[in-house]
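work17.txt, holding compact mmCIF, C-alpha atoms:
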# COMPACT_ATOMS: atom_id res chain seq x y z
CA MET A 1 -52.95 45.78 49.80
CA MET A 2 -53.66 44.98 46.16
CA HIS A 3 -50.59 47.03 45.23
CA PHE A 4 -48.36 44.87 47.41
CA GLY A 5 -50.10 41.75 46.05
CA ARG A 6 -49.22 42.77 42.51
CA ILE A 7 -45.60 43.37 43.54
CA ALA A 8 -45.46 39.97 45.24
CA ALA A 9 -46.98 38.27 42.21
CA ALA A 10 -44.54 40.03 39.90
CA GLY A 11 -41.68 38.96 42.13
CA LEU A 12 -42.84 35.37 42.02
CA SER A 13 -43.06 35.53 38.23
CA ILE A 14 -39.53 36.91 37.97
CA ALA A 15 -38.22 34.26 40.36
CA ALA A 16 -39.95 31.54 38.39
CA ALA A 17 -38.43 32.87 35.16
CA LEU A 18 -34.98 32.95 36.73
CA LEU A 19 -35.38 29.38 37.97
CA THR A 20 -36.48 28.28 34.51
CA ALA A 21 -33.50 30.03 32.91
CA THR A 22 -31.14 28.51 35.46
CA ALA A 23 -32.59 25.06 34.88
CA GLY A 24 -32.16 25.56 31.14
CA ALA A 25 -28.55 26.63 31.62
CA GLN A 26 -27.86 23.61 33.80
CA ALA A 27 -29.34 21.34 31.15
CA GLN A 28 -26.57 22.33 28.72
CA THR A 29 -23.59 19.97 28.65
CA THR A 30 -20.26 21.54 27.78
CA VAL A 31 -17.77 19.17 26.14
CA PRO A 32 -14.23 20.66 26.24
CA LEU A 33 -12.12 19.07 23.50
CA ALA A 34 -8.38 19.55 24.01
CA THR A 35 -6.12 19.31 20.95
CA TRP A 36 -2.50 20.31 20.33
CA GLY A 37 -0.18 20.72 17.38
CA GLY A 38 -0.82 22.67 14.20
CA ALA A 39 -4.29 23.76 13.12
CA ASN A 40 -3.67 22.21 9.69
CA HIS A 41 -3.11 18.71 11.05
CA ILE A 42 -5.80 16.40 9.71
CA GLY A 43 -6.61 15.29 13.25
CA VAL A 44 -7.69 18.86 13.97
CA ARG A 45 -8.86 20.49 10.74
CA GLN A 46 -10.93 17.50 9.62
CA PHE A 47 -11.95 15.80 12.86
CA VAL A 48 -13.31 18.79 14.77
CA PRO A 49 -15.79 19.91 12.06
CA ALA A 50 -16.75 16.25 11.53
CA LEU A 51 -17.47 15.90 15.25
CA GLU A 52 -19.56 19.08 15.30
CA GLU A 53 -21.58 17.83 12.34
CA ALA A 54 -22.03 14.39 13.92
CA LEU A 55 -23.25 15.96 17.18
CA LYS A 56 -25.90 17.90 15.26
CA LYS A 57 -27.21 14.62 13.87
CA ALA A 58 -26.91 12.66 17.15
CA GLN A 59 -30.12 13.90 18.72
CA PRO A 60 -31.47 14.39 21.28
CA ASN A 61 -28.64 16.07 23.15
CA THR A 62 -27.85 19.39 24.80
CA ILE A 63 -24.13 19.38 24.03
CA THR A 64 -22.08 22.49 23.41
CA LEU A 65 -18.65 21.60 22.02
CA GLN A 66 -15.80 23.85 23.15
CA HIS A 67 -12.59 23.32 21.21
CA PHE A 68 -9.32 24.30 22.92
CA PRO A 69 -6.64 23.98 20.18
CA GLY A 70 -2.88 24.40 20.18
CA GLY A 71 -2.29 22.83 23.59
CA GLN A 72 -4.33 25.44 25.49
CA LEU A 73 -5.49 22.78 27.94
CA ALA A 74 -2.72 20.22 27.50
CA GLN A 75 0.01 19.07 25.12
CA ASP A 76 0.13 15.55 23.73
CA LYS A 77 2.73 14.49 26.31
CA ASP A 78 0.39 15.62 29.12
CA MET A 79 -2.58 13.46 28.08
CA PRO A 80 -1.51 10.10 29.63
CA VAL A 81 -1.59 11.75 33.07
CA GLY A 82 -4.05 14.59 32.52
CA ILE A 83 -6.96 12.48 31.27
CA PRO A 84 -6.87 9.74 33.97
CA MET A 85 -6.50 12.44 36.66
CA GLY A 86 -9.42 14.46 35.26
CA GLN A 87 -7.34 17.55 34.50
CA VAL A 88 -8.34 16.99 30.86
CA LYS A 89 -11.91 15.85 30.30
CA PHE A 90 -11.71 14.95 26.60
CA GLY A 91 -8.62 15.02 24.41
CA TRP A 92 -6.88 14.06 21.20
CA ILE A 93 -4.06 11.60 21.87
CA THR A 94 -1.15 9.83 20.24
CA VAL A 95 -1.77 6.26 21.38
CA ASN A 96 1.94 5.36 21.09
CA GLY A 97 2.68 7.89 23.83
CA TRP A 98 0.62 5.99 26.43
CA SER A 99 3.02 3.03 26.81
CA GLY A 100 3.94 4.16 30.34
CA THR A 101 0.27 4.26 31.35
CA VAL A 102 -1.22 1.53 29.14
CA PRO A 103 1.66 -0.86 28.34
CA ASP A 104 -0.27 -2.64 25.59
CA THR A 105 -0.01 0.47 23.41
CA LYS A 106 3.58 -0.69 22.74
CA LEU A 107 1.91 -2.69 20.00
CA MET A 108 1.84 0.49 17.89
CA ASP A 109 5.65 0.55 17.79
CA ALA A 110 5.94 -3.18 17.06
CA PRO A 111 7.15 -4.36 13.62
CA THR A 112 3.87 -6.07 12.76
CA GLY A 113 4.13 -5.49 9.02
CA LEU A 114 0.40 -4.72 8.89
CA THR A 115 -0.79 -2.48 6.09
CA MET A 116 -3.16 0.37 6.93
CA ALA A 117 -6.07 -1.66 5.53
CA GLU A 118 -5.13 -4.68 7.65
CA LEU A 119 -4.75 -2.59 10.78
CA ASP A 120 -8.10 -0.92 10.11
CA ALA A 121 -9.74 -4.35 9.84
CA LEU A 122 -8.05 -5.40 13.09
CA ILE A 123 -9.44 -2.32 14.83
CA GLU A 124 -12.97 -2.93 13.56
CA LYS A 125 -13.40 -6.67 14.06
CA PRO A 126 -15.51 -7.85 17.03
CA ASN A 127 -13.23 -8.41 20.03
CA GLY A 128 -10.49 -6.82 17.96
CA LEU A 129 -7.95 -4.14 18.75
CA MET A 130 -10.43 -1.38 19.58
CA ASP A 131 -12.31 -3.58 22.05
CA ALA A 132 -9.08 -4.82 23.63
CA LEU A 133 -7.60 -1.34 24.06
CA LYS A 134 -10.87 0.03 25.43
CA GLN A 135 -10.58 -2.46 28.27
CA LYS A 136 -6.93 -1.56 28.95
CA PHE A 137 -7.67 2.19 28.95
CA ASP A 138 -10.71 1.64 31.19
CA GLU A 139 -8.43 0.08 33.79
CA LYS A 140 -6.53 3.41 33.80
CA ASN A 141 -9.62 5.54 34.44
CA THR A 142 -9.88 6.48 30.77
CA VAL A 143 -12.50 5.81 28.11
CA LEU A 144 -11.06 5.30 24.64
CA LEU A 145 -13.61 6.74 22.22
CA GLY A 146 -12.03 6.35 18.79
CA LEU A 147 -8.90 5.48 16.83
CA ALA A 148 -7.43 6.74 13.55
CA ASP A 149 -4.18 5.43 12.08
CA LEU A 150 -1.93 8.11 10.57
CA GLY A 151 -0.07 5.35 8.83
CA PRO A 152 3.44 3.89 8.94
CA PRO A 153 6.39 6.28 9.12
CA ALA A 154 8.45 7.03 6.02
CA VAL A 155 12.18 6.57 5.50
CA VAL A 156 13.67 9.47 3.53
CA SER A 157 17.15 9.15 2.01
CA ASN A 158 19.47 10.08 -0.86
CA VAL A 159 20.27 6.46 -1.68
CA PRO A 160 17.61 3.77 -2.15
CA LEU A 161 16.77 1.91 1.08
CA LYS A 162 14.36 -0.89 0.25
CA THR A 163 15.45 -3.77 2.51
CA PRO A 164 16.76 -3.98 6.07
CA ALA A 165 20.18 -4.93 4.67
CA ASP A 166 20.35 -1.53 2.98
CA PHE A 167 20.45 0.13 6.42
CA LYS A 168 23.83 -1.41 7.32
CA GLY A 169 26.36 1.29 8.18
CA LYS A 170 23.81 4.09 7.80
CA LYS A 171 23.12 6.82 10.35
CA VAL A 172 19.34 7.02 10.64
CA ARG A 173 17.23 9.54 12.49
CA VAL A 174 14.58 7.76 14.62
CA PHE A 175 11.81 9.02 16.89
CA SER A 176 10.96 5.94 18.97
CA GLU A 177 12.83 3.24 20.85
CA GLY A 178 11.18 0.59 18.68
CA GLN A 179 12.68 2.22 15.57
CA ALA A 180 16.07 2.51 17.27
CA GLU A 181 16.04 -1.23 18.07
CA ALA A 182 15.15 -2.04 14.46
CA VAL A 183 17.89 0.16 12.98
CA ARG A 184 20.47 -1.38 15.33
CA ALA A 185 19.26 -4.88 14.37
CA PHE A 186 19.75 -3.97 10.69
CA GLY A 187 23.35 -2.87 11.33
CA GLY A 188 22.68 0.86 11.26
CA SER A 189 23.19 3.61 13.84
CA PRO A 190 20.05 5.26 15.24
CA VAL A 191 20.30 8.99 15.88
CA SER A 192 17.88 11.13 17.90
CA ILE A 193 17.22 14.48 16.20
CA PRO A 194 14.32 16.88 16.89
CA PHE A 195 11.65 16.99 14.19
CA ALA A 196 12.41 20.65 13.45
CA ASP A 197 16.04 19.78 12.64
CA VAL A 198 15.55 16.92 10.18
CA TYR A 199 15.86 19.22 7.13
CA SER A 200 19.28 20.54 8.11
CA ALA A 201 20.40 17.05 9.21
CA MET A 202 19.74 15.74 5.70
CA GLN A 203 21.02 18.92 4.04
CA TYR A 204 24.43 18.74 5.75
CA GLY A 205 24.77 14.95 5.84
CA THR A 206 24.52 14.63 9.62
CA VAL A 207 22.45 11.51 8.91
CA ASP A 208 22.05 9.27 5.87
CA ALA A 209 18.32 8.83 6.32
CA VAL A 210 15.44 10.21 8.33
CA ILE A 211 12.42 8.36 9.70
CA LEU A 212 9.41 10.63 10.11
CA GLY A 213 5.67 10.66 9.55
CA PHE A 214 4.65 10.42 5.90
CA GLN A 215 2.92 13.80 6.21
CA GLY A 216 6.17 15.27 7.56
CA VAL A 217 7.88 14.75 4.21
CA ASP A 218 5.76 17.66 3.01
CA SER A 219 5.79 19.88 6.11
CA GLN A 220 9.59 19.57 6.46
CA ARG A 221 10.22 20.00 2.69
CA MET A 222 12.23 16.80 2.52
CA TYR A 223 11.78 16.78 -1.26
CA GLU A 224 14.41 19.56 -1.35
CA VAL A 225 17.13 17.53 0.37
CA SER A 226 16.42 13.89 -0.52
CA LYS A 227 15.55 11.62 -3.44
CA TYR A 228 13.88 8.50 -2.05
CA VAL A 229 10.91 7.76 0.21
CA LEU A 230 10.17 4.28 1.54
CA VAL A 231 7.02 3.41 3.49
CA PRO A 232 7.85 -0.06 4.90
CA ALA A 233 4.32 -1.14 5.86
CA SER A 234 4.37 -1.07 9.68
CA PHE A 235 7.70 -2.85 10.09
CA LEU A 236 8.84 0.35 11.83
CA GLY A 237 5.57 0.70 13.73
CA THR A 238 2.65 2.98 12.97
CA THR A 239 1.39 6.28 14.36
CA MET A 240 -1.98 5.67 15.96
CA MET A 241 -4.05 8.67 16.96
CA GLY A 242 -7.18 8.56 19.11
CA TRP A 243 -9.67 10.38 21.29
CA ALA A 244 -10.10 9.63 24.96
CA ALA A 245 -12.05 10.94 27.94
CA ASN A 246 -11.80 10.87 31.71
CA LYS A 247 -13.96 7.99 32.93
CA GLN A 248 -15.71 9.82 35.80
CA TRP A 249 -16.45 12.84 33.63
CA ILE A 250 -18.03 10.94 30.75
CA GLU A 251 -19.98 8.62 33.05
CA GLY A 252 -21.31 11.69 34.87
CA LEU A 253 -22.85 13.18 31.72
CA PRO A 254 -26.63 13.02 31.25
CA GLU A 255 -27.44 9.68 29.65
CA GLN A 256 -28.69 11.11 26.35
CA ASP A 257 -25.66 13.39 26.04
CA ARG A 258 -23.24 10.58 26.80
CA ALA A 259 -24.86 8.37 24.17
CA ALA A 260 -24.82 11.22 21.64
CA LEU A 261 -21.12 11.97 22.29
CA LEU A 262 -20.07 8.33 21.99
CA LYS A 263 -21.95 7.99 18.72
CA ALA A 264 -20.61 11.28 17.32
CA VAL A 265 -16.95 10.54 18.16
CA ASP A 266 -17.25 7.08 16.60
CA GLU A 267 -18.70 8.59 13.41
CA ALA A 268 -16.12 11.40 13.27
CA SER A 269 -13.19 9.02 13.89
CA HIS A 270 -14.29 6.80 11.01
CA SER A 271 -14.56 9.91 8.84
CA ASN A 272 -11.07 10.92 9.97
CA ARG A 273 -9.60 7.55 9.05
CA LYS A 274 -11.04 7.83 5.54
CA ALA A 275 -9.68 11.38 5.19
CA ILE A 276 -6.19 10.25 6.27
CA VAL A 277 -6.07 7.57 3.55
CA GLU A 278 -7.21 10.12 0.95
CA GLU A 279 -4.55 12.57 2.14
CA ILE A 280 -1.81 9.93 1.86
CA ASP A 281 -2.85 9.22 -1.72
CA GLN A 282 -2.74 12.95 -2.53
CA LEU A 283 0.64 13.41 -0.85
CA THR A 284 2.10 10.40 -2.69
CA LYS A 285 1.22 12.03 -6.00
CA GLN A 286 2.64 15.38 -4.84
CA TYR A 287 5.92 13.78 -3.76
CA LYS A 288 6.31 12.01 -7.09
CA ASP A 289 5.51 15.23 -8.94
CA ARG A 290 8.33 16.89 -6.96
CA GLY A 291 10.84 14.31 -8.13
CA LEU A 292 10.86 11.89 -5.21
CA GLN A 293 10.90 8.15 -5.86
CA VAL A 294 8.22 6.76 -3.55
CA THR A 295 8.05 3.07 -2.65
CA ILE A 296 5.16 1.83 -0.54
CA LEU A 297 5.93 -1.70 0.64
CA SER A 298 3.15 -4.24 0.14
CA PRO A 299 2.94 -8.03 0.79
CA GLU A 300 3.28 -8.99 -2.90
CA MET A 301 6.66 -7.24 -3.21
CA PRO A 302 9.80 -9.46 -2.81
CA GLU A 303 11.29 -7.04 -0.25
CA PHE A 304 8.33 -7.64 2.09
CA ALA A 305 9.59 -11.12 3.05
CA GLU A 306 13.03 -9.69 3.82
CA TRP A 307 11.50 -7.15 6.22
CA GLN A 308 9.39 -9.87 7.79
CA LYS A 309 12.43 -12.09 8.41
CA ALA A 310 14.66 -9.28 9.73
CA THR A 311 12.07 -7.98 12.18
CA ALA A 312 10.71 -11.34 13.40
CA PRO A 313 12.89 -11.44 16.57
CA LEU A 314 11.88 -7.85 17.44
CA LEU A 315 8.21 -8.67 16.96
CA LYS A 316 8.49 -11.77 19.14
CA SER A 317 10.17 -9.74 21.88
CA THR A 318 7.49 -7.02 21.80
CA LEU A 319 4.59 -9.48 21.80
CA SER A 320 6.05 -11.18 24.89
CA GLN A 321 5.65 -7.86 26.74
CA LEU A 322 1.96 -7.46 25.90
CA SER A 323 -1.17 -8.86 27.51
CA PRO A 324 -1.97 -12.31 26.05
CA ASP A 325 -5.27 -11.14 24.52
CA VAL A 326 -3.59 -8.24 22.69
CA ALA A 327 -0.61 -10.32 21.54
CA ALA A 328 -3.02 -12.99 20.26
CA LEU A 329 -4.53 -10.49 17.81
CA ILE A 330 -1.21 -10.28 15.97
CA GLU A 331 -0.19 -13.91 16.46
CA ALA A 332 -3.53 -15.01 15.00
CA LYS A 333 -2.81 -12.92 11.92
CA ASP A 334 0.55 -14.60 11.45

Will you turn the file into structure tokens for me?
Amino acid sequence: MMHFGRIAAAGLSIAAALLTATAGAQAQTTVPLATWGGANHIGVRQFVPALEEALKKAQPNTITLQHFPGGQLAQDKDMPVGIPMGQVKFGWITVNGWSGTVPDTKLMDAPTGLTMAELDALIEKPNGLMDALKQKFDEKNTVLLGLADLGPPAVVSNVPLKTPADFKGKKVRVFSEGQAEAVRAFGGSPVSIPFADVYSAMQYGTVDAVILGFQGVDSQRMYEVSKYVLVPASFLGTTMMGWAANKQWIEGLPEQDRAALLKAVDEASHSNRKAIVEEIDQLTKQYKDRGLQVTILSPEMPEFAEWQKATAPLLKSTLSQLSPDVAALIEAKD
């Protein structure tokens, strides 16, 4: 009888240990971060380690971060549907690409003329852009966790293009409808060309100029086929990146884990914004060292007023399509 008692006791001990282990496993929160694009993009190579480090500091939490890079879970174009539907729990997004889901993100393609510093201040201010967009994303079953501006696009050419009037008669590669409208308004012809083909388009004269991300001047070796780079503030829009999560998923996390994740993403996104500015400064020097003439438009330059005047009707049209509270953020600045 004692023999069976020992067996029963041992069984109970094993069962208790299994229950404890199971409870411990259940206590772990897995956060699956979906990114896409190249591993060397600053939104991946800098943000992910920064998030991991921030999570270590944001205690207590039981979070295990699982990074799924290269579009393993979803590509950028999939995020505006995948996140609200819950197919993607937590992902890196291009905010400009959400205009069909969150119409107020059209602001990112508007010719606001804001510098990166001004846009950063607009994001940060109480009841500013971040707060306004959080509300708009929330209405679409999505929690916007952080923003990071990649900066205005660059105009690459073989002749100097410093004012809107310089675009007259030019064939210009664009990558958004907002840019196409601007080029048409300036008297130029917008052309849609895949990013991978911009080098050959400039090389063979298919276009007179190319609009692309400032970082793309390096990755596409535009310094080999062009002479001039213009960064026209955000008169041709800006590329706003961000991080967003499915609302039900994040609200279903244990309270301490949710708080830790929100805090960590906020810290990592601020770190990412700083890193982007530093990278732009480094790239500017590299481009100049490679023989490119780089002009970064700023409010004190005489050309700035010309851009402001030429794009004013486009800005007015875009603002009329936005929610009054979002439009007011730009109108108040003016």

Report the closest atom pair, with its distance in Å rounded to one decimal, for each residue of region 140-247 of chain A that has an atom no farther than 6 Å from region 111-134 of chain A; count all atoms listed in the file, sort by chain and then rising residue number, and write it as JSON lines.
{"residue": "A:Leu144", "atom": "CA", "partner": "A:Lys134", "partner_atom": "CA", "distance": 5.3}
{"residue": "A:Ala233", "atom": "CA", "partner": "A:Thr115", "partner_atom": "CA", "distance": 5.3}
{"residue": "A:Ser234", "atom": "CA", "partner": "A:Gly113", "partner_atom": "CA", "distance": 4.5}
{"residue": "A:Phe235", "atom": "CA", "partner": "A:Pro111", "partner_atom": "CA", "distance": 3.9}
{"residue": "A:Leu236", "atom": "CA", "partner": "A:Pro111", "partner_atom": "CA", "distance": 5.3}
{"residue": "A:Gly237", "atom": "CA", "partner": "A:Pro111", "partner_atom": "CA", "distance": 5.3}

Within 10 Å of region 161-167 of chain A using only C-alpha atoms, minus same-chain residues under 5 positions, as number ranges by chain: A: 155-156, 172, 182-189, 208-209, 228-232, 235, 295-297, 302-311

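Nearest residue to Ser269 (chain A), choosing from A:Thr29, A:Met240, A:Pro190, A:Gln75 and counting only C-alpha atoms: A:Met240.
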
Long-range neighbours of region 85-87 of chain A as JSON, numbers by chain, 9 Å cut-off, only C-alpha atoms, 5 positions minimum in chain: {"A": [73, 74, 79, 80, 141, 245, 246, 247, 248, 249]}

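As for CA of Leu283 (chain A) and CA of Ser226 (chain A), they are spaced 15.8 Å apart.
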
Distance in Å - CA of Val277 (chain A) versus CA of Gly216 (chain A): 15.0 Å

Within 12 Å of Ser99 (chain A), counting all atoms listed in the file, which residues show up once you throw out same-chain ones fewer than 2 positions away? Write them as a PDB file with C-alpha atoms, keeping the file's coordinate frame, please.
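Resulting contents of around29.pdb:
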ATOM      1  CA  LYS A  77       2.730  14.490  26.310  1.00  0.00           C
ATOM      2  CA  MET A  79      -2.580  13.460  28.080  1.00  0.00           C
ATOM      3  CA  PRO A  80      -1.510  10.100  29.630  1.00  0.00           C
ATOM      4  CA  VAL A  81      -1.590  11.750  33.070  1.00  0.00           C
ATOM      5  CA  THR A  94      -1.150   9.830  20.240  1.00  0.00           C
ATOM      6  CA  VAL A  95      -1.770   6.260  21.380  1.00  0.00           C
ATOM      7  CA  ASN A  96       1.940   5.360  21.090  1.00  0.00           C
ATOM      8  CA  GLY A  97       2.680   7.890  23.830  1.00  0.00           C
ATOM      9  CA  THR A 101       0.270   4.260  31.350  1.00  0.00           C
ATOM     10  CA  VAL A 102      -1.220   1.530  29.140  1.00  0.00           C
ATOM     11  CA  PRO A 103       1.660  -0.860  28.340  1.00  0.00           C
ATOM     12  CA  ASP A 104      -0.270  -2.640  25.590  1.00  0.00           C
ATOM     13  CA  THR A 105      -0.010   0.470  23.410  1.00  0.00           C
ATOM     14  CA  LYS A 106       3.580  -0.690  22.740  1.00  0.00           C
ATOM     15  CA  LEU A 107       1.910  -2.690  20.000  1.00  0.00           C
ATOM     16  CA  MET A 108       1.840   0.490  17.890  1.00  0.00           C
ATOM     17  CA  ASP A 109       5.650   0.550  17.790  1.00  0.00           C
ATOM     18  CA  ALA A 110       5.940  -3.180  17.060  1.00  0.00           C
ATOM     19  CA  LEU A 133      -7.600  -1.340  24.060  1.00  0.00           C
ATOM     20  CA  LYS A 136      -6.930  -1.560  28.950  1.00  0.00           C
ATOM     21  CA  PHE A 137      -7.670   2.190  28.950  1.00  0.00           C
ATOM     22  CA  LYS A 140      -6.530   3.410  33.800  1.00  0.00           C
ATOM     23  CA  SER A 176      10.960   5.940  18.970  1.00  0.00           C
ATOM     24  CA  GLU A 177      12.830   3.240  20.850  1.00  0.00           C
ATOM     25  CA  GLY A 178      11.180   0.590  18.680  1.00  0.00           C
ATOM     26  CA  GLN A 321       5.650  -7.860  26.740  1.00  0.00           C
ATOM     27  CA  LEU A 322       1.960  -7.460  25.900  1.00  0.00           C
TER      28      LEU A 322
END

Point-to-point distance from CA of Ala312 (chain A) to CA of Pro153 (chain A), Å rounded to tenths: 18.6 Å

Nearest to Glu251 (chain A) by atom-to-atom distance, counting all atoms listed in the file, from A:Thr318, A:Gln72, A:Thr142, A:Thr238: A:Thr142

Nearest candidate to Asp78 (chain A) (options A:Ser320, A:Thr62, A:Thr35, A:Gln220; using only C-alpha atoms): A:Thr35

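Using only C-alpha atoms, the shortest contact distance between Val225 (chain A) and any of A:Val265, A:Leu314, A:Leu292, A:Leu51 is found at A:Leu292.
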
Selection as an MDAnalysis selection string: residues within 10 Å of (-25.8, 14.3, 17.4), counting only C-alpha atoms: chainID A and resid 51:63 256:257 259:265 267

Written selection (C-alpha atoms) as a short mmCIF file (atom, residue, chain, number, x, y, z; two decimals), keeping the file's coordinate frame:
data_model
loop_
_atom_site.label_atom_id
_atom_site.label_comp_id
_atom_site.auth_asym_id
_atom_site.auth_seq_id
_atom_site.Cartn_x
_atom_site.Cartn_y
_atom_site.Cartn_z
CA LEU A 51 -17.47 15.90 15.25
CA GLU A 52 -19.56 19.08 15.30
CA GLU A 53 -21.58 17.83 12.34
CA ALA A 54 -22.03 14.39 13.92
CA LEU A 55 -23.25 15.96 17.18
CA LYS A 56 -25.90 17.90 15.26
CA LYS A 57 -27.21 14.62 13.87
CA ALA A 58 -26.91 12.66 17.15
CA GLN A 59 -30.12 13.90 18.72
CA PRO A 60 -31.47 14.39 21.28
CA ASN A 61 -28.64 16.07 23.15
CA THR A 62 -27.85 19.39 24.80
CA ILE A 63 -24.13 19.38 24.03
CA GLN A 256 -28.69 11.11 26.35
CA ASP A 257 -25.66 13.39 26.04
CA ALA A 259 -24.86 8.37 24.17
CA ALA A 260 -24.82 11.22 21.64
CA LEU A 261 -21.12 11.97 22.29
CA LEU A 262 -20.07 8.33 21.99
CA LYS A 263 -21.95 7.99 18.72
CA ALA A 264 -20.61 11.28 17.32
CA VAL A 265 -16.95 10.54 18.16
CA GLU A 267 -18.70 8.59 13.41
#

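Every protein or nucleic acid residue with an atom no more than 9 Å from Arg273 (chain A), counting only C-alpha atoms and leaving out same-chain residues fewer than 6 positions away, appears here: Asp120, Leu147, Ala148, Asp149 and Leu150 of chain A.
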
I need the residues from that last selection saved to file as a PDB file, in the coordinates of the input (with C-alpha atoms), if you can.
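Written file, result13.pdb:
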ATOM      1  CA  ASP A 120      -8.100  -0.920  10.110  1.00  0.00           C
ATOM      2  CA  LEU A 147      -8.900   5.480  16.830  1.00  0.00           C
ATOM      3  CA  ALA A 148      -7.430   6.740  13.550  1.00  0.00           C
ATOM      4  CA  ASP A 149      -4.180   5.430  12.080  1.00  0.00           C
ATOM      5  CA  LEU A 150      -1.930   8.110  10.570  1.00  0.00           C
TER       6      LEU A 150
END

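Counting all atoms listed in the file, the residue from A:Gly71, A:Pro152, A:Gly100, A:Gly213 that sits nearest to Trp36 (chain A) is A:Gly71.
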
Box for region 117-122 of chain A: with edges along x, y and z, all listed atoms inside and 3 Å added on each side, what are the centre and edge lengths in Å to one decimal, as JSON?
{"center_x": -7.2, "center_y": -3.2, "center_z": 9.3, "size_x": 11.0, "size_y": 10.5, "size_z": 13.6}

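Checking A:Lys274, A:His67, A:Arg173, A:Lys227 one by one against Ile42 (chain A), counting only C-alpha atoms, you find the shortest gap at A:Lys274.
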
Because some atoms of region 206-219 of chain A are absent here, can you restore N, CA, C and O atoms and send them as a PDB file, keeping the file's coordinate frame?
ATOM      1  N   THR A 206      24.382  15.089   8.235  1.00  0.00           N
ATOM      2  CA  THR A 206      24.520  14.630   9.620  1.00  0.00           C
ATOM      3  C   THR A 206      24.010  13.194   9.746  1.00  0.00           C
ATOM      4  O   THR A 206      24.531  12.404  10.535  1.00  0.00           O
ATOM      5  N   VAL A 207      22.981  12.871   8.960  1.00  0.00           N
ATOM      6  CA  VAL A 207      22.450  11.510   8.910  1.00  0.00           C
ATOM      7  C   VAL A 207      22.322  11.106   7.440  1.00  0.00           C
ATOM      8  O   VAL A 207      22.305  11.949   6.533  1.00  0.00           O
ATOM      9  N   ASP A 208      22.235   9.796   7.221  1.00  0.00           N
ATOM     10  CA  ASP A 208      22.050   9.270   5.870  1.00  0.00           C
ATOM     11  C   ASP A 208      20.576   9.116   5.517  1.00  0.00           C
ATOM     12  O   ASP A 208      20.226   9.063   4.335  1.00  0.00           O
ATOM     13  N   ALA A 209      19.757   9.012   6.539  1.00  0.00           N
ATOM     14  CA  ALA A 209      18.320   8.830   6.320  1.00  0.00           C
ATOM     15  C   ALA A 209      17.557   9.360   7.515  1.00  0.00           C
ATOM     16  O   ALA A 209      18.097   9.471   8.626  1.00  0.00           O
ATOM     17  N   VAL A 210      16.305   9.674   7.278  1.00  0.00           N
ATOM     18  CA  VAL A 210      15.440  10.210   8.330  1.00  0.00           C
ATOM     19  C   VAL A 210      14.149   9.404   8.349  1.00  0.00           C
ATOM     20  O   VAL A 210      13.544   9.151   7.300  1.00  0.00           O
ATOM     21  N   ILE A 211      13.733   8.981   9.531  1.00  0.00           N
ATOM     22  CA  ILE A 211      12.420   8.360   9.700  1.00  0.00           C
ATOM     23  C   ILE A 211      11.500   9.424  10.301  1.00  0.00           C
ATOM     24  O   ILE A 211      11.819  10.030  11.321  1.00  0.00           O
ATOM     25  N   LEU A 212      10.390   9.644   9.641  1.00  0.00           N
ATOM     26  CA  LEU A 212       9.410  10.630  10.110  1.00  0.00           C
ATOM     27  C   LEU A 212       8.043  10.260   9.567  1.00  0.00           C
ATOM     28  O   LEU A 212       7.925   9.375   8.712  1.00  0.00           O
ATOM     29  N   GLY A 213       6.998  10.918  10.065  1.00  0.00           N
ATOM     30  CA  GLY A 213       5.670  10.660   9.550  1.00  0.00           C
ATOM     31  C   GLY A 213       5.576  10.971   8.070  1.00  0.00           C
ATOM     32  O   GLY A 213       6.238  11.899   7.588  1.00  0.00           O
ATOM     33  N   PHE A 214       4.774  10.214   7.341  1.00  0.00           N
ATOM     34  CA  PHE A 214       4.650  10.420   5.900  1.00  0.00           C
ATOM     35  C   PHE A 214       4.244  11.851   5.581  1.00  0.00           C
ATOM     36  O   PHE A 214       4.722  12.460   4.629  1.00  0.00           O
ATOM     37  N   GLN A 215       3.361  12.419   6.413  1.00  0.00           N
ATOM     38  CA  GLN A 215       2.920  13.800   6.210  1.00  0.00           C
ATOM     39  C   GLN A 215       4.070  14.783   6.426  1.00  0.00           C
ATOM     40  O   GLN A 215       4.087  15.868   5.850  1.00  0.00           O
ATOM     41  N   GLY A 216       5.037  14.401   7.258  1.00  0.00           N
ATOM     42  CA  GLY A 216       6.170  15.270   7.560  1.00  0.00           C
ATOM     43  C   GLY A 216       7.114  15.472   6.391  1.00  0.00           C
ATOM     44  O   GLY A 216       7.894  16.432   6.370  1.00  0.00           O
ATOM     45  N   VAL A 217       7.056  14.572   5.410  1.00  0.00           N
ATOM     46  CA  VAL A 217       7.880  14.750   4.210  1.00  0.00           C
ATOM     47  C   VAL A 217       7.513  16.066   3.533  1.00  0.00           C
ATOM     48  O   VAL A 217       8.377  16.781   3.003  1.00  0.00           O
ATOM     49  N   ASP A 218       6.234  16.402   3.597  1.00  0.00           N
ATOM     50  CA  ASP A 218       5.760  17.660   3.010  1.00  0.00           C
ATOM     51  C   ASP A 218       6.057  18.843   3.933  1.00  0.00           C
ATOM     52  O   ASP A 218       6.659  19.832   3.511  1.00  0.00           O
ATOM     53  N   SER A 219       5.656  18.730   5.196  1.00  0.00           N
ATOM     54  CA  SER A 219       5.790  19.880   6.110  1.00  0.00           C
ATOM     55  C   SER A 219       7.251  20.257   6.340  1.00  0.00           C
ATOM     56  O   SER A 219       7.567  21.433   6.571  1.00  0.00           O
TER      57      SER A 219
END
